[in-house]
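Pasting work07.txt here (compact mmCIF, C-alpha atoms):
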```txt
# COMPACT_ATOMS: atom_id res chain seq x y z
CA MET H 1 0.00 0.00 0.00
CA TYR H 2 1.45 3.36 -0.96
CA THR H 3 1.97 5.75 1.93
CA ARG H 4 -0.02 8.66 0.52
CA GLN H 5 -3.05 6.39 0.11
CA GLN H 6 -3.03 5.69 3.84
CA LEU H 7 -2.93 9.29 5.05
CA PRO H 8 -6.64 10.27 4.91
CA ALA H 9 -7.58 7.23 7.02
CA ILE H 10 -4.70 7.87 9.41
CA ARG H 11 -5.73 11.51 9.81
CA GLY H 12 -9.29 10.35 10.44
CA GLN H 13 -8.15 7.98 13.19
CA PHE H 14 -5.30 9.87 14.86
CA GLY H 15 -6.11 13.52 14.15
CA GLN H 16 -5.20 16.18 11.62
CA PRO H 17 -1.52 17.05 12.04
CA TYR H 18 0.28 20.31 11.53
CA HIS H 19 1.91 20.10 8.09
CA LEU H 20 5.19 22.00 7.82
CA TRP H 21 7.39 22.45 4.75
CA MET H 22 11.09 22.69 5.57
CA THR H 23 14.39 22.89 3.67
CA GLN H 24 17.66 21.45 4.98
CA ASP H 25 21.05 21.24 3.32
CA PHE H 26 22.90 17.91 3.67
CA GLY H 27 26.63 17.26 3.40
CA ASP H 28 28.20 14.58 1.23
CA LEU H 29 27.79 11.74 3.75
CA GLY H 30 24.17 12.51 4.53
CA TRP H 31 23.34 13.01 0.87
CA ASN H 32 24.85 9.62 -0.01
CA LEU H 33 22.66 7.98 2.64
CA VAL H 34 19.60 9.74 1.23
CA GLN H 35 20.47 8.55 -2.28
CA LYS H 36 20.82 4.99 -1.04
CA THR H 37 17.41 5.16 0.64
CA VAL H 38 15.78 6.70 -2.43
CA SER H 39 17.24 3.90 -4.57
CA GLN H 40 15.31 1.51 -2.30
CA ARG H 41 12.10 3.42 -3.17
CA ARG H 42 11.69 5.09 0.20
CA THR H 43 11.34 8.84 0.63
CA HIS H 44 9.55 8.94 3.97
CA ASP H 45 9.79 7.91 7.61
CA VAL H 46 7.63 7.58 10.69
CA THR H 47 9.06 9.29 13.78
CA LEU H 48 7.80 8.29 17.23
CA PHE H 49 7.83 10.34 20.40
CA ILE H 50 7.12 7.61 22.94
CA GLY H 51 6.01 8.91 26.33
CA GLY H 52 6.55 6.79 29.41
CA ALA H 53 4.62 6.69 32.66
CA ASP H 54 6.86 9.39 34.19
CA ASN H 55 6.51 11.80 31.23
CA ARG H 56 9.93 10.94 29.81
CA PHE H 57 10.58 10.17 26.16
CA ALA H 58 12.23 7.07 24.71
CA LEU H 59 15.33 7.92 22.65
CA MET H 60 17.82 5.81 20.74
CA ALA H 61 21.38 6.20 19.44
CA LYS H 62 22.94 4.72 16.32
CA HIS H 63 26.49 3.40 16.24
CA SER H 64 27.54 6.30 14.03
CA TYR H 65 26.44 8.96 16.54
CA PRO H 66 28.92 10.79 18.78
CA PRO H 67 28.86 9.60 22.42
CA GLY H 68 25.82 10.84 24.32
CA LEU H 69 23.82 11.82 21.23
CA PHE H 70 20.28 10.42 21.03
CA ARG H 71 17.10 11.06 19.06
CA SER H 72 13.57 9.69 18.71
CA PRO H 73 13.19 6.36 16.89
CA SER H 74 12.19 6.53 13.24
CA GLY H 75 12.01 4.51 10.04
CA LEU H 76 9.63 2.71 7.70
CA HIS H 77 10.05 0.03 5.07
CA PRO H 78 9.11 0.79 1.45
CA GLY H 79 5.41 0.11 0.89
CA GLU H 80 4.83 -0.71 4.56
CA ASP H 81 1.65 0.14 6.43
CA VAL H 82 2.42 3.31 8.38
CA ILE H 83 0.95 2.32 11.73
CA SER H 84 2.13 -1.30 11.83
CA GLY H 85 5.53 -0.11 10.56
CA ALA H 86 5.71 2.43 13.37
CA LEU H 87 4.97 -0.26 15.95
CA ARG H 88 7.64 -2.49 14.42
CA GLU H 89 10.22 0.31 14.45
CA ALA H 90 9.50 1.04 18.11
CA ARG H 91 9.95 -2.59 19.01
CA GLU H 92 13.17 -2.95 17.05
CA GLU H 93 14.82 0.29 18.21
CA THR H 94 13.65 0.52 21.83
CA GLY H 95 12.20 -2.90 22.69
CA LEU H 96 8.93 -1.21 23.72
CA SER H 97 5.34 -2.06 22.88
CA LEU H 98 3.24 1.07 22.59
CA LEU H 99 -0.13 2.65 21.93
CA MET H 100 -0.37 5.17 19.10
CA LYS H 101 -2.10 8.29 20.40
CA LYS H 102 -1.98 11.25 18.01
CA PHE H 103 -0.72 12.25 14.57
CA VAL H 104 0.91 15.52 15.65
CA LEU H 105 3.10 16.61 12.76
CA HIS H 106 3.69 16.00 9.05
CA ILE H 107 6.85 17.52 7.59
CA THR H 108 7.58 17.84 3.90
CA LEU H 109 11.35 18.30 3.75
CA ASP H 110 13.30 19.49 0.74
CA ILE H 111 16.78 17.99 1.20
CA THR H 112 19.32 19.99 -0.78
CA HIS H 113 22.89 19.19 -1.79
CA ASN H 114 24.72 21.55 -4.14
CA LYS H 115 22.13 21.99 -6.91
CA ASP H 116 20.30 18.71 -6.26
CA ILE H 117 17.11 18.22 -4.25
CA VAL H 118 15.10 15.31 -2.85
CA THR H 119 11.71 15.72 -1.16
CA TRP H 120 11.24 13.68 2.02
CA GLU H 121 8.15 13.16 4.18
CA SER H 122 8.20 12.63 7.95
CA TYR H 123 5.05 11.48 9.76
CA VAL H 124 5.44 12.28 13.45
CA PHE H 125 3.31 10.61 16.12
CA HIS H 126 2.89 10.79 19.85
CA ALA H 127 2.64 7.36 21.45
CA THR H 128 2.64 6.01 25.00
CA THR H 129 3.81 2.89 26.76
CA ARG H 130 3.44 1.38 30.21
CA GLU H 131 6.71 -0.47 29.90
CA VAL H 132 9.81 0.83 31.65
CA ASN H 133 12.71 -1.38 30.62
CA MET H 134 14.19 -0.66 27.22
CA GLY H 135 16.48 -2.73 25.09
CA ALA H 136 16.46 -2.79 21.31
CA ALA H 137 15.16 -6.13 20.09
CA GLU H 138 17.14 -5.76 16.87
CA ARG H 139 20.59 -4.32 17.52
CA ARG H 140 21.60 -3.75 13.91
CA GLY H 141 22.36 -0.05 13.68
CA ILE H 142 21.20 0.70 17.24
CA GLN H 143 23.87 1.38 19.87
CA ASP H 144 21.72 2.27 22.88
CA ALA H 145 18.25 3.31 24.01
CA ARG H 146 17.34 5.39 27.06
CA TRP H 147 14.72 7.61 28.66
CA ALA H 148 15.00 11.40 28.65
CA SER H 149 12.97 14.13 30.30
CA ARG H 150 11.51 16.90 28.18
CA ASN H 151 14.22 19.24 29.43
CA GLN H 152 16.88 16.71 28.42
CA LEU H 153 15.25 16.34 25.01
CA GLU H 154 15.31 20.11 24.50
CA LYS H 155 18.98 20.25 25.50
CA MET H 156 19.68 17.36 23.11
CA ASN H 157 18.48 19.63 20.31
CA GLU H 158 21.43 21.94 20.97
CA ARG H 159 23.82 19.00 20.64
CA LEU H 160 22.15 17.82 17.43
CA VAL H 161 22.55 21.28 15.88
CA ALA H 162 26.15 21.53 17.08
CA THR H 163 27.13 18.48 15.00
CA GLU H 164 26.63 20.58 11.83
CA ASN H 165 25.23 17.38 10.31
CA GLY H 166 22.25 18.20 8.08
CA GLY H 167 20.30 15.11 9.04
CA LEU H 168 20.77 15.68 12.78
CA ILE H 169 20.00 19.39 12.47
CA TYR H 170 16.75 18.39 10.80
CA ARG H 171 16.00 16.06 13.71
CA ALA H 172 16.45 18.98 16.13
CA ARG H 173 14.05 21.12 14.09
CA LEU H 174 11.57 18.23 13.99
CA ASN H 175 11.82 17.87 17.79
CA GLU H 176 11.07 21.55 18.32
CA ALA H 177 8.09 21.51 15.94
CA PHE H 178 6.70 18.37 17.57
CA LEU H 179 6.91 19.73 21.11
CA TRP H 180 5.18 22.93 20.04
CA GLY H 181 2.44 20.93 18.31
CA LEU H 182 2.03 18.68 21.34
CA ASP H 183 1.53 21.74 23.56
CA HIS H 184 -0.84 23.55 21.19
CA GLY H 185 -3.68 21.34 20.03
CA LEU H 186 -4.91 21.87 16.47
CA THR H 187 -8.63 21.30 15.94
CA PHE H 188 -11.04 21.81 13.03
CA ARG H 189 -14.73 22.49 12.78
CA GLU H 190 -17.30 23.47 10.20
CA GLY H 191 -18.01 27.16 9.75
CA HIS H 192 -21.54 28.43 10.40
CA PRO H 193 -23.35 31.69 9.60
CA LYS H 194 -22.44 33.04 13.03
CA ASP H 195 -18.79 32.71 11.95
CA TYR H 196 -19.23 34.80 8.79
CA PRO H 197 -18.07 38.10 10.35
CA LEU H 198 -14.94 36.35 11.62
CA ILE H 199 -14.35 34.75 8.23
CA GLU H 200 -14.89 38.04 6.40
CA ALA H 201 -12.32 39.72 8.65
CA ALA H 202 -9.78 36.96 7.92
CA LEU H 203 -10.44 37.21 4.19
CA GLY H 204 -10.03 40.98 4.30
CA LEU H 205 -6.67 40.64 6.02
CA ALA H 206 -5.60 38.16 3.30
CA ARG H 207 -7.06 40.36 0.53
CA ILE H 208 -9.46 37.67 -0.63
CA ASP H 209 -12.87 38.54 -2.09
CA SER H 210 -15.42 38.15 0.72
CA SER H 211 -18.36 37.75 -1.69
CA ILE H 212 -17.71 33.97 -1.59
CA VAL H 213 -18.55 33.70 2.11
CA GLN H 214 -22.23 32.79 1.92
CA HIS H 215 -21.81 30.51 -1.12
CA SER H 216 -19.08 28.26 0.28
CA PHE H 217 -18.68 25.38 2.73
CA TRP H 218 -16.29 26.70 5.39
CA PHE H 219 -13.83 24.94 7.69
CA ILE H 220 -12.13 26.69 10.57
CA ALA H 221 -8.86 25.75 12.27
CA GLU H 222 -8.42 26.59 15.96
CA ILE H 223 -5.38 26.41 18.20
CA ASP H 224 -5.99 26.51 21.93
CA GLY H 225 -9.50 27.77 21.15
CA LEU H 226 -8.26 30.68 19.02
CA LEU H 227 -8.95 31.17 15.31
CA ALA H 228 -5.91 29.92 13.40
CA GLY H 229 -7.17 29.90 9.81
CA THR H 230 -9.98 29.31 7.35
CA ILE H 231 -10.58 27.44 4.10
CA ALA H 232 -13.60 26.77 1.91
CA LEU H 233 -15.05 24.51 -0.74
CA LEU H 234 -16.94 26.61 -3.28
CA PRO H 235 -19.28 24.84 -5.76
CA ARG H 236 -18.86 26.11 -9.33
CA GLU H 237 -20.88 25.11 -12.37
CA ASP H 238 -18.34 22.55 -13.63
CA HIS H 239 -16.03 21.95 -10.64
CA MET H 240 -15.52 22.34 -6.91
CA GLU H 241 -13.01 25.03 -5.95
CA LEU H 242 -10.69 25.10 -2.95
CA THR H 243 -10.51 28.73 -1.86
CA GLY H 244 -10.56 31.12 1.11
CA LEU H 245 -7.31 29.85 2.66
CA THR H 246 -6.16 32.16 5.42
CA THR H 247 -3.78 31.77 8.35
CA GLU H 248 -3.77 34.13 11.31
CA PRO H 249 -0.45 36.04 11.45
CA PHE H 250 0.43 34.72 14.93
CA PHE H 251 0.30 31.11 13.69
CA ARG H 252 2.04 31.49 10.34
CA GLY H 253 4.98 29.15 9.82
CA ARG H 254 3.48 26.48 12.06
CA GLY H 255 1.98 24.28 9.32
CA VAL H 256 -1.64 25.44 9.64
CA GLY H 257 -2.18 26.25 5.94
CA HIS H 258 -1.26 22.82 4.61
CA ALA H 259 -3.24 21.20 7.43
CA LEU H 260 -6.32 23.21 6.45
CA ALA H 261 -5.96 22.23 2.80
CA GLU H 262 -5.64 18.55 3.72
CA TYR H 263 -8.63 18.75 6.04
CA ALA H 264 -10.81 20.30 3.31
CA VAL H 265 -9.59 17.74 0.76
CA ASP H 266 -10.35 14.90 3.18
CA LYS H 267 -13.87 16.27 3.69
CA TRP H 268 -14.42 16.63 -0.03
CA GLY H 269 -13.25 13.04 -0.60
CA ASP H 270 -15.40 11.58 2.19
CA VAL H 271 -18.70 10.25 0.80
CA ASP H 272 -20.67 10.89 4.00
CA ALA H 273 -19.32 14.44 4.32
CA ARG H 274 -20.16 15.21 0.70
CA ASN H 275 -23.69 13.84 1.10
CA GLN H 276 -24.14 16.06 4.12
CA MET H 277 -22.95 19.10 2.18
CA MET H 278 -25.28 18.26 -0.69
CA SER H 279 -28.22 17.94 1.69
CA GLN H 280 -27.43 21.35 3.20
CA ARG H 281 -27.65 23.03 -0.19
CA ASP H 282 -30.05 20.60 -1.89
CA MET H 283 -27.64 20.28 -4.81
CA ALA H 284 -25.26 17.83 -6.46
CA LEU H 285 -21.61 18.68 -6.01
CA PRO H 286 -19.08 18.55 -8.87
CA ASP H 287 -16.54 15.73 -8.69
CA GLU H 288 -13.35 17.60 -9.61
CA LEU H 289 -11.52 19.78 -7.09
CA TRP H 290 -9.57 22.74 -8.49
CA LEU H 291 -7.88 25.82 -7.16
CA LEU H 292 -6.38 29.01 -8.54
CA THR H 293 -3.17 30.10 -6.90
CA GLU H 294 -0.10 32.26 -7.38
CA LEU H 295 1.91 29.74 -5.33
CA PRO H 296 1.46 26.34 -7.04
CA MET H 297 4.43 24.74 -5.28
CA TYR H 298 2.71 25.33 -1.94
CA PHE H 299 -0.15 22.96 -2.79
CA GLN H 300 1.81 20.12 -4.35
CA PRO H 301 2.46 18.35 -1.00
CA VAL H 302 -1.31 18.32 -0.48
CA GLY H 303 -1.89 16.38 -3.72
CA PHE H 304 -2.56 19.05 -6.34
CA HIS H 305 -0.79 19.13 -9.69
CA ILE H 306 -0.66 21.49 -12.67
CA PRO H 307 -2.86 19.97 -15.41
CA ASN H 308 -2.47 20.10 -19.15
CA PRO H 309 -4.17 23.11 -20.80
CA ASN H 310 -6.77 20.87 -22.43
CA GLU H 311 -7.90 19.70 -18.98
CA LEU H 312 -8.92 23.18 -17.84
CA ARG H 313 -12.60 23.69 -17.17
CA PRO H 314 -14.29 26.61 -19.00
CA SER H 315 -15.01 28.54 -15.82
CA ILE H 316 -11.37 28.13 -14.75
CA LYS H 317 -10.17 29.54 -18.06
CA ASN H 318 -12.52 32.50 -17.78
CA ARG H 319 -11.49 33.44 -14.24
CA ARG H 320 -7.77 32.68 -14.24
CA GLY H 321 -5.68 35.81 -13.77
CA SER H 322 -2.35 36.47 -15.45
CA ARG H 323 -0.42 35.43 -12.32
CA GLN H 324 -2.63 32.53 -11.29
CA THR H 325 -2.00 28.85 -11.91
CA ALA H 326 -4.88 26.39 -12.11
CA MET H 327 -4.28 23.20 -10.14
CA LEU H 328 -6.26 19.95 -10.01
CA TYR H 329 -6.42 17.59 -7.05
CA VAL H 330 -5.88 13.92 -7.86
CA PRO H 331 -7.09 11.57 -5.08
CA PRO H 332 -4.71 8.75 -4.13
CA VAL H 333 -5.71 5.56 -5.90
```

Go ahead and express the file in the form of structure tokens.
Amino acid sequence: MYTRQQLPAIRGQFGQPYHLWMTQDFGDLGWNLVQKTVSQRRTHDVTLFIGGADNRFALMAKHSYPPGLFRSPSGLHPGEDVISGALREAREETGLSLLMKKFVLHITLDITHNKDIVTWESYVFHATTREVNMGAAERRGIQDARWASRNQLEKMNERLVATENGGLIYRARLNEAFLWGLDHGLTFREGHPKDYPLIEAALGLARIDSSIVQHSFWFIAEIDGLLAGTIALLPREDHMELTGLTTEPFFRGRGVGHALAEYAVDKWGDVDARNQMMSQRDMALPDELWLLTELPMYFQPVGFHIPNPNELRPSIKNRRGSRQTAMLYVPPV
């Protein structure tokens, strides 16, 4: 099963994660390891933050790491089921059996080396265990495993960055993003007429036409009960349009925008959710999901692509501005 195919169901079961897009430069050694992994048809990993009974995290060290350097367990086999693969990795690298709790973070990482680039995906989960004793069941590549308090984990980030190793620097950045996401819960809900003034204010700040408000299906992201962003599905004559994406300034750079887009796409692709939307408006909804954007690269990690000109719908052609790119969502098959 391809990984992308699994994500909507995983988000439905373990929550909608923040979705960050990062860039990290790798040196020769790290780049060679990436190339080896890519040649094995793997461009993703599952990272596990395993919490113990005393609020410590399970960390592991590889043989290649400097003494005293640890990080959270990660890995995934090509084509492997994400959740069962995560449980296997935890068992192999820490010896622990665990309970998957929450999908906290999804990172799309552009790994750069000179003029080359590889895009990598990290799926980051919070898990718990009642077990205390650790010992990697499969010692290949694993030197040691130990518990660390949150304070120790945060200090470990400084050591990871100090190595000047691109892969370990990325792990420090991942740690920081995860801990922030764990502390600040991201939730979604449907927008209602009482939310329209709030939505109109957000659209005004983003310089988006507010005339779409009453004609769209709205979804609202909240962090700690505060408005974090908006997005909408707008029925057109010959397609459904993803529009109205806003992110509150205080939460920009946290991965809210991509998370909103994925949430709306998941809703659009869910048969029950679409039937509910159709019943609300007493109308049939178009099958194809399009968007117009000046930042096409931003939406590619969500599953949109730039179509051939002959695929463009008439209403898209008529409304597309000189700086806008039309993009079509292709559901995972």

So how many Å separate CA of Ala273 (chain H) and CA of Val302 (chain H), to one decimal?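 Taking CA of Ala273 (chain H) as the start and CA of Val302 (chain H) as the end point, the length is 19.0 Å.
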
Computed gap from CA of Ser279 (chain H) to CA of Leu245 (chain H) is 24.1 Å

In file coordinates, which residues lie within 9 Å of (-12.2, 28.0, 2.8) using only C-alpha atoms, given as a list of chain:residue names?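 Within 9 Å of (-12.2, 28.0, 2.8), the protein and nucleic acid residues are H:Ile199, H:Val213, H:Ser216, H:Phe217, H:Trp218, H:Phe219, H:Ile220, H:Gly229, H:Thr230, H:Ile231, H:Ala232, H:Leu233, H:Leu234, H:Leu242, H:Thr243, H:Gly244, H:Leu245, H:Thr246, H:Leu260, H:Ala261, H:Ala264.
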
Could you jot down the CA of Ser315 (chain H) to CA of Asp287 (chain H) separation for me, Å, one decimal place? 14.7 Å

Determine, for each residue of region 35-78 of chain H having at least one atom at most 10 Å from an atom of region 154-171 of chain H, the closest pair of atoms and their separation in Å to one decimal, counting only C-alpha atoms; order by chain and ascending number, as JSON lines.
```
{"residue": "H:Thr47", "atom": "CA", "partner": "H:Arg171", "partner_atom": "CA", "distance": 9.7}
{"residue": "H:Tyr65", "atom": "CA", "partner": "H:Leu168", "partner_atom": "CA", "distance": 9.6}
{"residue": "H:Pro66", "atom": "CA", "partner": "H:Thr163", "partner_atom": "CA", "distance": 8.8}
{"residue": "H:Gly68", "atom": "CA", "partner": "H:Met156", "partner_atom": "CA", "distance": 9.0}
{"residue": "H:Leu69", "atom": "CA", "partner": "H:Met156", "partner_atom": "CA", "distance": 7.2}
{"residue": "H:Phe70", "atom": "CA", "partner": "H:Met156", "partner_atom": "CA", "distance": 7.3}
{"residue": "H:Arg71", "atom": "CA", "partner": "H:Arg171", "partner_atom": "CA", "distance": 7.4}
{"residue": "H:Ser72", "atom": "CA", "partner": "H:Arg171", "partner_atom": "CA", "distance": 8.5}
```

Contact residues around Val330 (chain H) with all atoms listed in the file at 7 Å, ignoring same-chain residues under 2 positions, as number ranges by chain: H: 303-304, 328, 332

Measuring atom to atom with only C-alpha atoms, identify which of H:His126, H:Arg323, H:Lys62, H:His44 is nearest to Val82 (chain H).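 Closest residue, counting only C-alpha atoms: H:His44.
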
Using all atoms listed in the file for the distances, tell me which of H:Val265, H:Ile117, H:Ile107, H:Ala145 is nearest to Arg173 (chain H).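 With all atoms listed in the file as the atom set, the closest residue is H:Ile107.
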
Of the candidates H:Asn310, H:Met277, H:Ala206, H:Asp266, which shows the shortest atom-to-atom distance to Glu248 (chain H), using only C-alpha atoms?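 Checking each candidate against Glu248 (chain H), we get H:Ala206 as the closest.
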
Using all atoms listed in the file, find all polymer residues with an atom at most 12 Å away from the point (9.6, -1.1, 13.4); report them as a PDB file with C-alpha atoms, in the coordinates of the input.
```pdb
ATOM      1  CA  ASP H  45       9.790   7.910   7.610  1.00  0.00           C
ATOM      2  CA  VAL H  46       7.630   7.580  10.690  1.00  0.00           C
ATOM      3  CA  THR H  47       9.060   9.290  13.780  1.00  0.00           C
ATOM      4  CA  LEU H  48       7.800   8.290  17.230  1.00  0.00           C
ATOM      5  CA  PRO H  73      13.190   6.360  16.890  1.00  0.00           C
ATOM      6  CA  SER H  74      12.190   6.530  13.240  1.00  0.00           C
ATOM      7  CA  GLY H  75      12.010   4.510  10.040  1.00  0.00           C
ATOM      8  CA  LEU H  76       9.630   2.710   7.700  1.00  0.00           C
ATOM      9  CA  HIS H  77      10.050   0.030   5.070  1.00  0.00           C
ATOM     10  CA  GLU H  80       4.830  -0.710   4.560  1.00  0.00           C
ATOM     11  CA  ASP H  81       1.650   0.140   6.430  1.00  0.00           C
ATOM     12  CA  VAL H  82       2.420   3.310   8.380  1.00  0.00           C
ATOM     13  CA  ILE H  83       0.950   2.320  11.730  1.00  0.00           C
ATOM     14  CA  SER H  84       2.130  -1.300  11.830  1.00  0.00           C
ATOM     15  CA  GLY H  85       5.530  -0.110  10.560  1.00  0.00           C
ATOM     16  CA  ALA H  86       5.710   2.430  13.370  1.00  0.00           C
ATOM     17  CA  LEU H  87       4.970  -0.260  15.950  1.00  0.00           C
ATOM     18  CA  ARG H  88       7.640  -2.490  14.420  1.00  0.00           C
ATOM     19  CA  GLU H  89      10.220   0.310  14.450  1.00  0.00           C
ATOM     20  CA  ALA H  90       9.500   1.040  18.110  1.00  0.00           C
ATOM     21  CA  ARG H  91       9.950  -2.590  19.010  1.00  0.00           C
ATOM     22  CA  GLU H  92      13.170  -2.950  17.050  1.00  0.00           C
ATOM     23  CA  GLU H  93      14.820   0.290  18.210  1.00  0.00           C
ATOM     24  CA  THR H  94      13.650   0.520  21.830  1.00  0.00           C
ATOM     25  CA  GLY H  95      12.200  -2.900  22.690  1.00  0.00           C
ATOM     26  CA  LEU H  96       8.930  -1.210  23.720  1.00  0.00           C
ATOM     27  CA  SER H  97       5.340  -2.060  22.880  1.00  0.00           C
ATOM     28  CA  LEU H  98       3.240   1.070  22.590  1.00  0.00           C
ATOM     29  CA  ALA H 136      16.460  -2.790  21.310  1.00  0.00           C
ATOM     30  CA  ALA H 137      15.160  -6.130  20.090  1.00  0.00           C
ATOM     31  CA  GLU H 138      17.140  -5.760  16.870  1.00  0.00           C
TER      32      GLU H 138
END
```

Given 6 Å of margin on each side, can you work out the centre and size in Å (one decimal) of an axis-aligned box holding every listed atom of region 268-275 of chain H, as JSON?
```
{"center_x": -18.5, "center_y": 13.4, "center_z": 1.9, "size_x": 22.4, "size_y": 18.4, "size_z": 16.9}
```

Nearest residue to Pro307 (chain H) out of H:Ala259, H:Met327, H:Leu289, H:Ala201, using all atoms listed in the file?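 Among H:Ala259, H:Met327, H:Leu289, H:Ala201, it is H:Met327 that comes nearest to Pro307 (chain H).
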
Proximity to Thr108 (chain H) - best of H:Trp21, H:Tyr263, H:Phe250, H:Phe14, all atoms listed in the file: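 Of all the options, H:Trp21 lies closest to Thr108 (chain H).
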